[in-house]
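Text of query-v3.cif (mmCIF, C-alpha atoms and all ligand atoms) as supplied:
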```cif
data_run
loop_
_atom_site.label_atom_id
_atom_site.label_comp_id
_atom_site.auth_asym_id
_atom_site.auth_seq_id
_atom_site.Cartn_x
_atom_site.Cartn_y
_atom_site.Cartn_z
CA MET A 1 75.61 97.85 50.47
CA ALA A 2 76.61 101.49 50.16
CA LEU A 3 75.54 103.62 53.13
CA SER A 4 74.16 107.12 52.76
CA GLY A 5 75.86 110.07 54.42
CA ILE A 6 73.02 110.33 56.96
CA GLU A 7 73.35 106.64 57.90
CA ILE A 8 77.09 107.08 58.40
CA PHE A 9 76.53 110.31 60.37
CA LYS A 10 74.44 108.39 62.94
CA HIS A 11 77.56 106.40 63.91
CA LEU A 12 79.95 109.37 64.23
CA PRO A 13 80.62 111.23 67.55
CA LYS A 14 78.70 114.38 66.40
CA THR A 15 81.04 116.75 68.26
CA ASN A 16 82.07 118.74 65.16
CA CYS A 17 85.61 118.93 66.54
CA LYS A 18 87.10 119.35 63.01
CA ASP A 19 90.03 117.00 63.72
CA CYS A 20 89.20 115.11 60.51
CA GLY A 21 89.75 118.25 58.46
CA PHE A 22 86.05 118.83 57.81
CA PRO A 23 83.95 121.51 59.52
CA THR A 24 81.28 119.12 60.83
CA CYS A 25 80.69 115.42 61.38
CA LEU A 26 77.93 115.60 58.76
CA ALA A 27 80.31 117.03 56.15
CA PHE A 28 82.77 114.22 56.94
CA ALA A 29 79.96 111.63 56.68
CA MET A 30 79.01 112.94 53.23
CA LYS A 31 82.63 112.63 52.08
CA LEU A 32 82.81 109.10 53.49
CA ALA A 33 79.65 108.14 51.63
CA ALA A 34 81.20 109.47 48.41
CA LYS A 35 84.35 107.44 49.22
CA GLN A 36 86.39 110.67 49.20
CA ALA A 37 87.52 110.29 52.81
CA SER A 38 88.56 107.46 55.10
CA LEU A 39 87.08 106.63 58.50
CA GLU A 40 90.65 106.56 59.82
CA ASP A 41 90.64 110.36 59.46
CA CYS A 42 88.28 110.60 62.46
CA PRO A 43 90.40 109.81 65.54
CA HIS A 44 87.32 109.77 67.77
CA ALA A 45 85.24 107.08 66.02
CA SER A 46 84.24 104.33 68.47
CA GLU A 47 85.27 100.71 67.96
CA GLU A 48 81.62 99.84 67.29
CA ALA A 49 81.42 102.52 64.62
CA LYS A 50 84.65 101.27 63.04
CA ALA A 51 83.39 97.69 62.97
CA PHE A 52 80.01 98.66 61.52
CA LEU A 53 81.20 101.22 58.99
CA GLY A 54 84.24 99.14 58.04
CA ALA A 55 82.08 96.14 57.14
CA ALA A 56 79.51 98.30 55.38
CA SER A 57 82.14 100.09 53.33
CA ALA A 58 83.84 96.87 52.15
CA PRO A 59 83.48 96.57 48.37
CA PRO A 60 80.64 94.25 47.30
CA VAL A 61 83.06 92.32 45.07
CA ARG A 62 85.81 90.81 47.21
CA LYS A 63 89.45 91.68 46.59
CA VAL A 64 91.22 88.52 45.45
CA VAL A 65 94.97 88.31 44.78
CA ILE A 66 96.35 85.59 42.51
CA GLY A 67 100.10 85.03 42.59
CA ALA A 68 102.75 86.40 44.90
CA GLY A 69 105.54 88.95 44.73
CA GLU A 70 106.11 90.43 41.27
CA ALA A 71 103.50 88.02 39.82
CA ALA A 72 100.72 89.23 42.16
CA CYS A 73 97.57 90.13 40.29
CA THR A 74 94.74 91.85 42.17
CA LEU A 75 91.15 91.37 41.05
CA GLY A 76 87.72 92.46 42.30
CA GLU A 77 86.93 95.39 44.63
CA GLU A 78 84.42 96.67 42.08
CA THR A 79 81.62 98.89 43.34
CA VAL A 80 79.64 99.94 40.24
CA MET A 81 77.98 98.50 37.15
CA PHE A 82 79.08 101.24 34.77
CA ARG A 83 82.36 103.06 34.44
CA HIS A 84 80.66 106.43 34.00
CA ASP A 85 79.40 106.02 37.60
CA LYS A 86 82.86 105.45 39.02
CA LYS A 87 86.18 104.01 37.93
CA PHE A 88 86.42 100.23 37.50
CA VAL A 89 89.06 99.28 40.03
CA ASN A 90 91.16 96.24 39.10
CA PRO A 91 91.72 95.37 35.42
CA CYS A 92 90.92 91.85 34.25
CA ALA A 93 93.83 89.41 33.94
CA TYR A 94 94.69 87.65 30.68
CA ALA A 95 95.89 84.05 30.88
CA ILE A 96 97.48 82.02 28.08
CA GLU A 97 96.79 78.31 28.32
CA LEU A 98 99.65 75.82 27.72
CA ALA A 99 99.30 72.05 27.64
CA ASP A 100 101.54 70.35 30.18
CA ASN A 101 102.81 67.92 27.50
CA ASP A 102 103.47 70.55 24.83
CA PRO A 103 106.92 69.80 23.36
CA GLY A 104 107.49 73.54 22.81
CA LEU A 105 106.64 74.43 26.41
CA ASP A 106 109.98 76.09 27.31
CA GLN A 107 109.93 78.35 24.29
CA LYS A 108 106.28 79.32 24.80
CA ILE A 109 106.87 80.14 28.46
CA LYS A 110 109.78 82.37 27.46
CA GLN A 111 107.70 84.12 24.78
CA ILE A 112 104.94 84.86 27.27
CA ALA A 113 107.39 86.03 29.94
CA ASP A 114 109.12 88.35 27.44
CA PHE A 115 105.95 89.75 25.84
CA LYS A 116 105.61 93.45 26.66
CA VAL A 117 103.55 96.23 25.14
CA ASP A 118 104.23 99.91 25.81
CA ARG A 119 101.02 101.88 26.16
CA VAL A 120 101.09 105.54 27.28
CA GLY A 121 104.39 105.06 29.03
CA GLU A 122 103.58 101.83 30.88
CA ASP A 123 104.56 98.25 30.05
CA TYR A 124 101.78 95.68 29.86
CA GLY A 125 101.95 91.93 29.28
CA VAL A 126 100.32 88.59 29.96
CA ASN A 127 99.20 88.21 33.57
CA LEU A 128 98.84 84.45 33.94
CA ILE A 129 99.90 81.15 32.39
CA ALA A 130 97.28 78.42 32.67
CA VAL A 131 98.94 75.00 32.77
CA ARG A 132 96.40 72.53 31.38
CA ASP A 133 96.54 68.90 32.42
CA ALA A 134 96.48 67.43 28.92
CA SER A 135 98.68 64.47 29.81
CA GLY A 136 96.59 63.09 32.65
CA ASP A 137 99.88 62.43 34.39
CA GLY A 138 100.75 64.07 37.73
CA ALA A 139 104.51 64.02 37.10
CA THR A 140 104.16 65.69 33.68
CA PHE A 141 101.82 68.31 35.14
CA THR A 142 104.15 69.01 38.05
CA ALA A 143 107.16 69.36 35.74
CA ALA A 144 105.26 71.86 33.57
CA VAL A 145 104.23 73.92 36.60
CA LYS A 146 107.84 74.03 37.78
CA LYS A 147 108.93 75.27 34.36
CA VAL A 148 106.44 78.15 34.58
CA VAL A 149 107.54 78.98 38.14
CA GLU A 150 111.17 79.16 37.05
CA GLY A 151 110.76 80.51 33.52
CA ALA A 152 108.16 83.22 34.08
CA PRO A 153 108.59 84.60 37.62
CA SER A 154 106.58 87.76 36.87
CA VAL A 155 103.56 85.81 35.59
CA GLY A 156 100.99 84.12 37.84
CA ILE A 157 99.92 80.49 37.43
CA VAL A 158 96.59 78.82 36.81
CA LEU A 159 96.43 75.08 37.51
CA ALA A 160 93.79 73.64 35.18
CA SER A 161 92.51 70.10 35.59
CA GLU A 162 89.36 68.23 36.42
CA LYS A 163 91.25 65.76 38.59
CA PRO A 164 91.84 66.71 42.25
CA GLU A 165 94.91 64.49 42.53
CA ILE A 166 96.57 66.24 39.55
CA LEU A 167 95.71 69.65 40.98
CA GLN A 168 97.17 68.65 44.32
CA ALA A 169 100.41 67.64 42.60
CA GLY A 170 100.47 71.02 40.83
CA LEU A 171 99.87 72.83 44.11
CA GLY A 172 102.97 71.20 45.52
CA ALA A 173 105.06 72.44 42.59
CA ALA A 174 103.64 75.97 42.93
CA ASP A 175 104.09 76.14 46.70
CA GLY A 176 104.12 79.74 47.93
CA LYS A 177 103.04 81.08 44.51
CA ARG A 178 99.34 81.34 45.39
CA PRO A 179 98.09 79.95 42.06
CA LEU A 180 94.55 79.96 40.73
CA VAL A 181 93.11 76.46 40.80
CA GLN A 182 90.59 75.66 38.07
CA GLY A 183 88.44 74.27 39.07
CA ALA A 184 85.89 73.09 41.50
CA THR A 185 82.66 71.49 40.29
CA PRO A 186 79.85 69.86 42.26
CA GLU A 187 81.63 66.54 41.69
CA ASN A 188 85.10 67.37 43.01
CA ILE A 189 84.71 70.35 45.36
CA ASP A 190 84.77 68.25 48.53
CA GLN A 191 88.18 66.87 47.62
CA LEU A 192 89.56 70.20 46.45
CA LEU A 193 88.61 72.45 49.36
CA PRO A 194 91.09 71.08 51.94
CA ALA A 195 93.88 71.09 49.34
CA VAL A 196 93.51 74.76 48.33
CA LYS A 197 92.75 76.27 51.74
CA ASP A 198 95.27 79.06 52.55
CA LYS A 199 97.38 78.08 49.51
CA ALA A 200 95.47 79.07 46.40
CA VAL A 201 92.55 80.91 44.87
CA LEU A 202 89.79 78.56 43.72
CA VAL A 203 87.63 78.78 40.60
CA VAL A 204 84.15 77.38 41.24
CA SER A 205 82.37 76.40 38.02
CA ALA A 206 78.73 75.74 37.17
CA SER A 207 76.55 76.84 34.27
CA ASN A 208 73.52 76.94 36.55
CA LEU A 209 73.75 80.09 38.67
CA ASP A 210 71.95 78.53 41.63
CA THR A 211 74.51 75.74 41.66
CA LEU A 212 77.32 78.30 41.33
CA ALA A 213 76.02 80.17 44.39
CA GLU A 214 75.83 76.89 46.34
CA LEU A 215 79.43 76.06 45.42
CA ALA A 216 80.59 79.50 46.59
CA GLU A 217 78.73 79.12 49.88
CA LYS A 218 80.17 75.67 50.39
CA ALA A 219 83.71 76.94 49.80
CA VAL A 220 83.26 79.81 52.24
CA GLY A 221 81.77 77.40 54.76
CA ALA A 222 84.99 75.37 54.50
CA GLY A 223 87.14 78.47 55.07
CA VAL A 224 88.11 79.03 51.41
CA ASN A 225 87.26 82.70 50.96
CA ASP A 226 89.28 83.65 47.88
CA LEU A 227 87.09 82.52 45.00
CA ILE A 228 86.61 83.21 41.32
CA LEU A 229 83.21 82.42 39.79
CA ASP A 230 82.97 80.65 36.42
CA PRO A 231 79.39 80.49 35.08
CA LEU A 232 80.70 78.54 32.03
CA PRO A 233 79.29 80.73 29.25
CA ALA A 234 79.24 78.90 25.90
CA ASN A 235 79.06 82.07 23.78
CA ALA A 236 79.15 85.87 23.95
CA ARG A 237 75.43 86.20 24.74
CA GLU A 238 75.67 83.84 27.70
CA ALA A 239 78.83 85.60 28.87
CA VAL A 240 77.19 89.02 28.95
CA GLU A 241 74.01 87.63 30.50
CA ARG A 242 75.66 85.57 33.25
CA PHE A 243 78.43 88.02 34.16
CA THR A 244 75.89 90.86 34.31
CA ILE A 245 73.55 88.89 36.58
CA ILE A 246 76.46 88.02 38.88
CA ARG A 247 77.74 91.61 39.02
CA ARG A 248 74.26 93.07 39.48
CA LEU A 249 73.33 90.70 42.30
CA ALA A 250 76.66 91.38 44.05
CA ILE A 251 76.53 95.16 43.73
CA LYS A 252 72.84 96.00 43.81
CA LYS A 253 71.56 93.25 46.10
CA ASN A 254 74.68 92.57 48.14
CA PHE A 255 74.23 88.85 47.36
CA LYS A 256 77.35 87.49 49.07
CA PRO A 257 77.81 84.23 47.08
CA PHE A 258 78.28 86.33 43.94
CA GLY A 259 80.58 88.92 45.54
CA TYR A 260 83.70 87.57 43.78
CA PRO A 261 85.63 88.19 40.57
CA THR A 262 84.67 86.07 37.57
CA PHE A 263 86.34 83.66 35.14
CA MET A 264 85.90 83.30 31.37
CA ASP A 265 87.39 80.63 29.14
CA ALA A 266 87.48 82.52 25.82
CA ARG A 267 89.41 79.86 23.90
CA HIS A 268 88.02 79.17 20.44
CA ASP A 269 89.24 77.40 17.30
CA ASP A 270 88.79 80.60 15.31
CA PRO A 271 91.32 83.19 16.64
CA GLN A 272 89.11 86.10 15.56
CA VAL A 273 86.13 84.71 17.45
CA GLU A 274 88.39 84.18 20.45
CA GLY A 275 89.52 87.81 20.26
CA ALA A 276 85.90 88.95 20.06
CA LEU A 277 84.87 86.77 23.02
CA ALA A 278 87.76 88.07 25.11
CA THR A 279 86.82 91.64 24.20
CA VAL A 280 83.25 91.02 25.35
CA GLY A 281 84.60 89.59 28.60
CA THR A 282 86.88 92.60 29.08
CA MET A 283 83.97 94.98 28.67
CA LYS A 284 81.40 93.02 30.61
CA TYR A 285 82.78 91.96 33.92
CA ALA A 286 85.08 88.99 33.34
CA SER A 287 88.03 89.18 35.75
CA VAL A 288 90.21 86.33 34.41
CA ILE A 289 90.11 85.61 30.67
CA VAL A 290 91.83 82.54 29.25
CA LEU A 291 93.22 82.59 25.69
CA SER A 292 94.43 79.61 23.67
CA GLU A 293 97.81 81.02 22.65
CA LEU A 294 99.91 84.17 22.61
CA ARG A 295 99.11 86.21 19.51
CA ALA A 296 100.56 89.71 19.47
CA TRP A 297 97.69 91.19 17.42
CA GLU A 298 95.12 89.79 19.82
CA MET A 299 96.94 90.96 22.94
CA LEU A 300 97.52 94.43 21.48
CA GLY A 301 93.80 94.91 20.94
CA LEU A 302 92.83 93.47 24.31
CA LEU A 303 95.40 95.43 26.32
CA THR A 304 94.43 98.68 24.62
CA GLY A 305 90.72 97.99 25.15
CA ARG A 306 91.33 97.10 28.79
CA LEU A 307 93.26 100.32 29.29
CA ASN A 308 90.25 102.24 28.01
CA ILE A 309 87.77 100.39 30.21
CA TYR A 310 89.81 100.61 33.39
CA THR A 311 90.93 104.23 33.29
CA ASP A 312 88.98 106.76 35.30
CA PRO A 313 86.73 108.63 32.85
CA GLN A 314 86.52 111.52 35.31
CA LYS A 315 90.31 111.97 35.49
CA PRO A 316 92.11 112.56 32.21
CA MET A 317 95.52 110.90 32.06
CA GLN A 318 98.16 113.59 32.17
CA VAL A 319 101.89 114.12 31.92
CA ASP A 320 103.86 116.86 33.66
CA GLN A 321 104.16 120.32 32.18
CA LYS A 322 107.71 120.83 30.93
CA VAL A 323 109.87 120.97 27.82
CA TYR A 324 110.76 117.36 26.97
CA GLU A 325 113.96 116.81 24.99
CA ILE A 326 113.54 113.98 22.49
CA GLY A 327 116.83 112.83 20.96
CA ASN A 328 120.16 114.64 21.18
CA VAL A 329 118.84 118.16 20.94
CA ASN A 330 121.01 121.20 20.32
CA GLY A 331 120.36 124.92 19.82
CA ASP A 332 119.03 124.36 16.32
CA SER A 333 116.55 121.61 17.20
CA PRO A 334 112.91 122.42 16.46
CA LEU A 335 110.49 123.32 19.27
CA ILE A 336 106.93 121.98 19.17
CA VAL A 337 104.18 122.87 21.63
CA THR A 338 101.29 120.59 22.60
CA THR A 339 99.02 119.80 25.55
CA ASN A 340 99.52 117.42 28.49
CA PHE A 341 96.78 114.86 27.70
CA ALA A 342 98.82 111.64 28.08
CA LEU A 343 97.61 110.15 24.83
CA THR A 344 98.44 113.34 22.94
CA TYR A 345 101.90 113.48 24.49
CA PHE A 346 102.78 109.85 23.79
CA ILE A 347 101.48 109.95 20.22
CA VAL A 348 103.32 113.20 19.41
CA ALA A 349 106.50 112.06 21.20
CA GLY A 350 106.33 108.72 19.36
CA GLU A 351 106.05 110.43 15.98
CA ILE A 352 108.96 112.74 16.82
CA GLU A 353 111.03 109.66 17.66
CA ASN A 354 109.96 108.11 14.36
CA SER A 355 111.19 111.20 12.52
CA LYS A 356 114.69 110.75 14.00
CA VAL A 357 114.88 114.56 14.21
CA ALA A 358 115.92 115.61 17.71
CA THR A 359 113.18 117.94 18.91
CA ARG A 360 112.08 119.86 22.01
CA LEU A 361 108.44 119.16 22.90
CA ALA A 362 106.91 121.84 25.10
CA VAL A 363 103.98 120.23 26.92
CA GLN A 364 101.60 122.68 28.52
CA ASP A 365 99.41 121.77 31.50
CA VAL A 366 95.80 122.08 30.38
CA GLU A 367 94.43 119.62 32.97
CA GLY A 368 94.87 116.65 30.67
CA LEU A 369 92.81 117.81 27.70
CA SER A 370 93.64 117.22 24.05
CA VAL A 371 94.66 120.15 21.84
CA LEU A 372 91.27 121.01 20.35
CA THR A 373 89.35 120.40 23.58
CA ALA A 374 91.79 122.53 25.56
CA TRP A 375 91.56 125.31 22.97
CA ALA A 376 87.73 125.17 23.06
CA ALA A 377 87.82 125.25 26.86
CA GLY A 378 90.02 128.36 26.86
CA LYS A 379 92.99 126.54 28.44
CA PHE A 380 95.26 126.46 25.37
CA THR A 381 95.27 130.10 24.38
CA ALA A 382 97.93 132.39 22.95
CA SER A 383 98.40 134.10 26.33
CA LYS A 384 98.74 130.86 28.25
CA ILE A 385 101.10 129.26 25.73
CA ALA A 386 103.27 132.40 25.70
CA GLU A 387 103.34 132.53 29.50
CA PHE A 388 104.39 128.86 29.68
CA ILE A 389 107.11 129.21 27.03
CA LYS A 390 108.58 132.29 28.75
CA GLU A 391 108.55 130.63 32.17
CA SER A 392 110.03 127.36 30.83
CA GLY A 393 113.39 129.01 30.11
CA VAL A 394 113.61 127.25 26.74
CA GLU A 395 114.46 130.55 25.05
CA SER A 396 117.98 130.44 26.50
CA LYS A 397 118.61 127.00 24.94
CA ILE A 398 117.63 127.69 21.35
CA ASN A 399 119.33 129.66 18.57
CA ARG A 400 116.19 130.50 16.62
CA LYS A 401 113.10 131.77 18.44
CA GLU A 402 110.67 129.63 16.50
CA ILE A 403 107.82 127.50 17.80
CA ILE A 404 105.69 124.96 15.94
CA LEU A 405 101.98 125.09 16.77
CA PRO A 406 99.57 122.15 16.23
CA GLY A 407 97.75 122.61 12.91
CA TYR A 408 94.34 122.32 14.57
CA VAL A 409 94.91 125.61 16.41
CA SER A 410 96.49 127.53 13.53
CA VAL A 411 94.04 130.28 14.38
CA LEU A 412 96.26 131.12 17.38
CA SER A 413 99.42 131.77 15.36
CA GLY A 414 99.10 135.55 14.97
CA ALA A 415 98.07 136.16 18.58
CA LEU A 416 100.81 133.84 19.85
CA GLU A 417 103.47 135.73 17.91
CA ASP A 418 102.19 138.98 19.47
CA LYS A 419 102.11 137.55 22.98
CA LEU A 420 105.58 136.01 22.71
CA GLY A 421 107.02 139.20 21.19
CA GLY A 422 110.80 139.64 21.07
CA GLY A 423 111.20 138.34 17.53
CA TRP A 424 109.49 134.97 18.04
CA LYS A 425 108.13 133.28 14.93
CA VAL A 426 105.20 130.87 15.01
CA VAL A 427 105.08 128.07 12.44
CA VAL A 428 101.86 126.12 11.89
CA GLY A 429 102.58 122.39 12.11
CA PRO A 430 100.59 119.41 10.88
CA ARG A 431 97.07 118.71 12.05
CA GLU A 432 97.60 114.99 12.54
CA ALA A 433 100.49 113.54 14.53
CA ASN A 434 101.28 110.97 11.85
CA GLN A 435 102.32 113.83 9.56
CA ILE A 436 104.97 115.01 12.04
CA PRO A 437 107.88 112.85 10.74
CA GLN A 438 107.45 114.10 7.18
CA PHE A 439 107.09 117.68 8.45
CA LEU A 440 110.22 117.55 10.62
CA LYS A 441 112.32 115.76 8.01
CA ALA A 442 111.34 118.33 5.35
CA ARG A 443 112.39 121.19 7.64
CA ALA A 444 115.64 119.51 8.60
CA SER A 445 116.73 118.89 5.00
S1 LIG B 1 87.03 114.20 63.65
FE1 LIG B 1 85.26 112.86 63.94
S2 LIG B 1 84.18 113.81 65.62
FE2 LIG B 1 85.53 115.37 64.84
S3 LIG B 1 84.35 116.48 63.27
FE3 LIG B 1 85.42 114.89 62.24
S4 LIG B 1 83.97 113.23 62.19
FE4 LIG B 1 83.27 114.59 63.74
#
```
Please express the file's structure as structure tokens.
Ligand code: SF4
Amino acid sequence: MALSGIEIFKHLPKTNCKDCGFPTCLAFAMKLAAKQASLEDCPHASEEAKAFLGAASAPPVRKVVIGAGEAACTLGEETVMFRHDKKFVNPCAYAIELADNDPGLDQKIKQIADFKVDRVGEDYGVNLIAVRDASGDGATFTAAVKKVVEGAPSVGIVLASEKPEILQAGLGAADGKRPLVQGATPENIDQLLPAVKDKAVLVVSASNLDTLAELAEKAVGAGVNDLILDPLPANAREAVERFTIIRRLAIKKNFKPFGYPTFMDARHDDPQVEGALATVGTMKYASVIVLSELRAWEMLGLLTGRLNIYTDPQKPMQVDQKVYEIGNVNGDSPLIVTTNFALTYFIVAGEIENSKVATRLAVQDVEGLSVLTAWAAGKFTASKIAEFIKESGVESKINRKEIILPGYVSVLSGALEDKLGGGWKVVVGPREANQIPQFLKARAS
């Protein structure tokens, strides 16, 4: 449960020594309550205070790590219901399920391992491969797990079977890889708990939430603390309902048995329904989402949606202010100016690359706002653009003093020419980024 600043203050030394960098203990307590400071910054906090405040400040949803090394995937640590309250912390993981007796297993493992999507300068891919015991044979299951371990070292593993003996065989093949074991039910949990302890993360599954809570308590009682909760939703309505209840009880009521990440099997015969189910899970609190196969169109949508949900709405994504050189630029290459909102930069840079016209892109720091928003906020003005261009030193690298302004702020062209002075010419560019290739090619011809 989150503590107030006053409650935290009661446990601090109250000497106002300022060693933490704040003028008073109360000011420090308020920052701690807002999670903008760490208790470690107070060198005088007693051991009792550290124990109490440390436990109280632990996130209500436990941090759980599936996989090891480059395949490690961190889930949980969430503290809020809504992303406008505070950033969602750890993005959900997408798993592709493969049958252990699939004749095309090697090729599918390679496809999953190689699948990468570039979004705003970062590579994203599939997080987990779920090996499904379709054969009912321990040796076949073990061989499939080994293939995933060797063929997709950057992807984590889910071992999926109802049979404890098959799961145990899979655990042997994934030794040291800290797989996710799916899963424990009221029928098999007693057999599974000793096998997974200290080796794996365990999915506990029950459609009845009371039963699910009992399974989680039983696992913790046996020393298995890294859990994922699967309330077995049969459709989107049940998914939203059950995941919301679990999240709300964990965060608002500090109900410990539900303080874990969650699991959603989104597989469906209709790929579009599957995509919709996975999207619902991404938005509403599913931490691991299982898909039936790798489809690029489905993953593209999910990864982009996840990026939206798990970015901090209070911190615009930004790139550094500088003049980026795209392609083999020379003195005659065009010069475009834009703002440092990451999405703006990557879209404009992408369209310049598409044009195949080497171009200098001057990106001005406007605290991560898009062109129109920055202009409306008075951060992308003629004076500020001129100041940036002069300080950038780009003038010494170009033969023609000409700058292309985004079409949406054409109103600035006259003032910018005045502010730049010295013979600079301002050209109004396209409004939309997708018109940039045509615009650049026309000018180059
Ligand atoms: S360092 Fe600790 S004791 Fe000193 S002012 Fe900060 S909170 Fe108070």
May I have the residues within 6 Å of ligand LIG 1 (chain B), computed using all atoms listed in the file, as a VMD selection string? chain A and resid 12 to 20 22 24 to 25 28 42 to 44
Interatomic distance between atom CA of A:Pro59 and atom CA of A:Ile96? 28.6 Å
I'd like the neighbourhood of stretch 160-168 of chain A as a PDB file with C-alpha atoms, in the frame of the given file, where a residue qualifies if any of its atoms comes within 8 Å (using all atoms listed in the file), though same-chain residues fewer than 6 positions away should be ignored.
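Generated file (part17.pdb):
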```
ATOM      1  CA  ALA A 130      97.280  78.420  32.670  1.00  0.00           C
ATOM      2  CA  VAL A 131      98.940  75.000  32.770  1.00  0.00           C
ATOM      3  CA  ARG A 132      96.400  72.530  31.380  1.00  0.00           C
ATOM      4  CA  ASP A 133      96.540  68.900  32.420  1.00  0.00           C
ATOM      5  CA  GLY A 136      96.590  63.090  32.650  1.00  0.00           C
ATOM      6  CA  ASP A 137      99.880  62.430  34.390  1.00  0.00           C
ATOM      7  CA  GLY A 138     100.750  64.070  37.730  1.00  0.00           C
ATOM      8  CA  PHE A 141     101.820  68.310  35.140  1.00  0.00           C
ATOM      9  CA  VAL A 181      93.110  76.460  40.800  1.00  0.00           C
ATOM     10  CA  GLN A 182      90.590  75.660  38.070  1.00  0.00           C
ATOM     11  CA  GLY A 183      88.440  74.270  39.070  1.00  0.00           C
ATOM     12  CA  ALA A 184      85.890  73.090  41.500  1.00  0.00           C
ATOM     13  CA  ASN A 188      85.100  67.370  43.010  1.00  0.00           C
ATOM     14  CA  GLN A 191      88.180  66.870  47.620  1.00  0.00           C
ATOM     15  CA  LEU A 192      89.560  70.200  46.450  1.00  0.00           C
ATOM     16  CA  ALA A 195      93.880  71.090  49.340  1.00  0.00           C
TER      17      ALA A 195
END
```
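Non-sequential neighbours of A:Lys116 (distance at most 8 Å, separation of 4 or more positions within a chain, all atoms listed in the file) are A:Asp123, A:Tyr124, A:Gly125, A:Val126.
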Output for the residues just chosen: C-alpha atoms as a tab-separated table (two decimals), in the frame of the given file:
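Dumped to selection.tsv:
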```tsv
chain	number	residue	atom	x	y	z
A	123	ASP	CA	104.56	98.25	30.05
A	124	TYR	CA	101.78	95.68	29.86
A	125	GLY	CA	101.95	91.93	29.28
A	126	VAL	CA	100.32	88.59	29.96
```
Need the shell around A:Asn101: protein/DNA/RNA residues with any atom at most 9 Å away, counting only C-alpha atoms. Skip same-chain ones fewer than 2 positions apart. Format as an MDAnalysis selection string? chainID A and resid 98:99 103:105 132:135 140:141 144
What is the distance between atom CA of A:Ser46 and atom CA of A:Ala34, in Å to one decimal? 20.9 Å
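For the set A:Lys108, A:Lys87, A:Lys50, A:Arg443, the residue with the smallest atom-to-atom gap to A:Arg295 is A:Lys108, counting all atoms listed in the file.
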So that each row is one residue of stretch 311-360 of chain A with an atom at most 7 Å from stretch 400-417 of chain A, can you give its shortest atom pair and the distance in Å to one decimal, using only C-alpha atoms, rows by chain and rising number, as JSON lines?
```
{"residue": "A:Asp332", "atom": "CA", "partner": "A:Arg400", "partner_atom": "CA", "distance": 6.8}
{"residue": "A:Leu335", "atom": "CA", "partner": "A:Ile403", "partner_atom": "CA", "distance": 5.2}
{"residue": "A:Ile336", "atom": "CA", "partner": "A:Ile404", "partner_atom": "CA", "distance": 4.6}
{"residue": "A:Val337", "atom": "CA", "partner": "A:Leu405", "partner_atom": "CA", "distance": 5.8}
{"residue": "A:Thr338", "atom": "CA", "partner": "A:Pro406", "partner_atom": "CA", "distance": 6.8}
```
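The space between atom CA of A:Lys253 and atom CA of A:Ser205 spans 21.6 Å.
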Quick one: which stretch 363-411 of chain A residues come within 10 Å of stretch 324-331 of chain A, and what is the nearest atom pair for each with the distance in Å to one decimal, counting only C-alpha atoms, rows ordered by chain and ascending number, as a Markdown table?
```
| residue | atom | partner | partner_atom | distance |
| --- | --- | --- | --- | --- |
| A:Val363 | CA | A:Tyr324 | CA | 7.4 |
| A:Val394 | CA | A:Gly331 | CA | 9.9 |
| A:Glu395 | CA | A:Gly331 | CA | 9.7 |
| A:Ser396 | CA | A:Gly331 | CA | 9.0 |
| A:Lys397 | CA | A:Gly331 | CA | 5.8 |
| A:Ile398 | CA | A:Gly331 | CA | 4.2 |
| A:Asn399 | CA | A:Gly331 | CA | 5.0 |
| A:Arg400 | CA | A:Gly331 | CA | 7.7 |
```
Counting all atoms listed in the file, closest pick from A:Val357, A:Ile347, A:Leu171, A:Leu212 relative to A:Ile189 is A:Leu212
Export: stretch 371-395 of chain A, C-alpha atoms, as a PDB file, in the first residue's frame:
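File selection35.pdb, as written:
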```
ATOM      1  CA  VAL A 371       5.798  20.618 -34.952  1.00  0.00           C
ATOM      2  CA  LEU A 372       2.349  22.155 -34.533  1.00  0.00           C
ATOM      3  CA  THR A 373       2.234  21.666 -30.760  1.00  0.00           C
ATOM      4  CA  ALA A 374       5.692  23.194 -30.359  1.00  0.00           C
ATOM      5  CA  TRP A 375       4.708  26.145 -32.545  1.00  0.00           C
ATOM      6  CA  ALA A 376       1.495  26.667 -30.522  1.00  0.00           C
ATOM      7  CA  ALA A 377       3.508  26.459 -27.298  1.00  0.00           C
ATOM      8  CA  GLY A 378       5.943  29.137 -28.500  1.00  0.00           C
ATOM      9  CA  LYS A 379       8.898  26.710 -28.602  1.00  0.00           C
ATOM     10  CA  PHE A 380       9.251  26.454 -32.397  1.00  0.00           C
ATOM     11  CA  THR A 381       9.440  30.106 -33.353  1.00  0.00           C
ATOM     12  CA  ALA A 382      11.387  31.992 -36.002  1.00  0.00           C
ATOM     13  CA  SER A 383      13.814  33.348 -33.377  1.00  0.00           C
ATOM     14  CA  LYS A 384      14.457  29.966 -31.809  1.00  0.00           C
ATOM     15  CA  ILE A 385      14.888  28.160 -35.130  1.00  0.00           C
ATOM     16  CA  ALA A 386      17.280  30.875 -36.349  1.00  0.00           C
ATOM     17  CA  GLU A 387      19.281  30.711 -33.119  1.00  0.00           C
ATOM     18  CA  PHE A 388      19.573  26.916 -33.393  1.00  0.00           C
ATOM     19  CA  ILE A 389      20.601  26.973 -37.064  1.00  0.00           C
ATOM     20  CA  LYS A 390      23.279  29.612 -36.422  1.00  0.00           C
ATOM     21  CA  GLU A 391      24.672  27.744 -33.416  1.00  0.00           C
ATOM     22  CA  SER A 392      24.628  24.378 -35.232  1.00  0.00           C
ATOM     23  CA  GLY A 393      27.406  25.463 -37.602  1.00  0.00           C
ATOM     24  CA  VAL A 394      25.569  23.936 -40.572  1.00  0.00           C
ATOM     25  CA  GLU A 395      26.048  27.142 -42.549  1.00  0.00           C
TER      26      GLU A 395
END
```
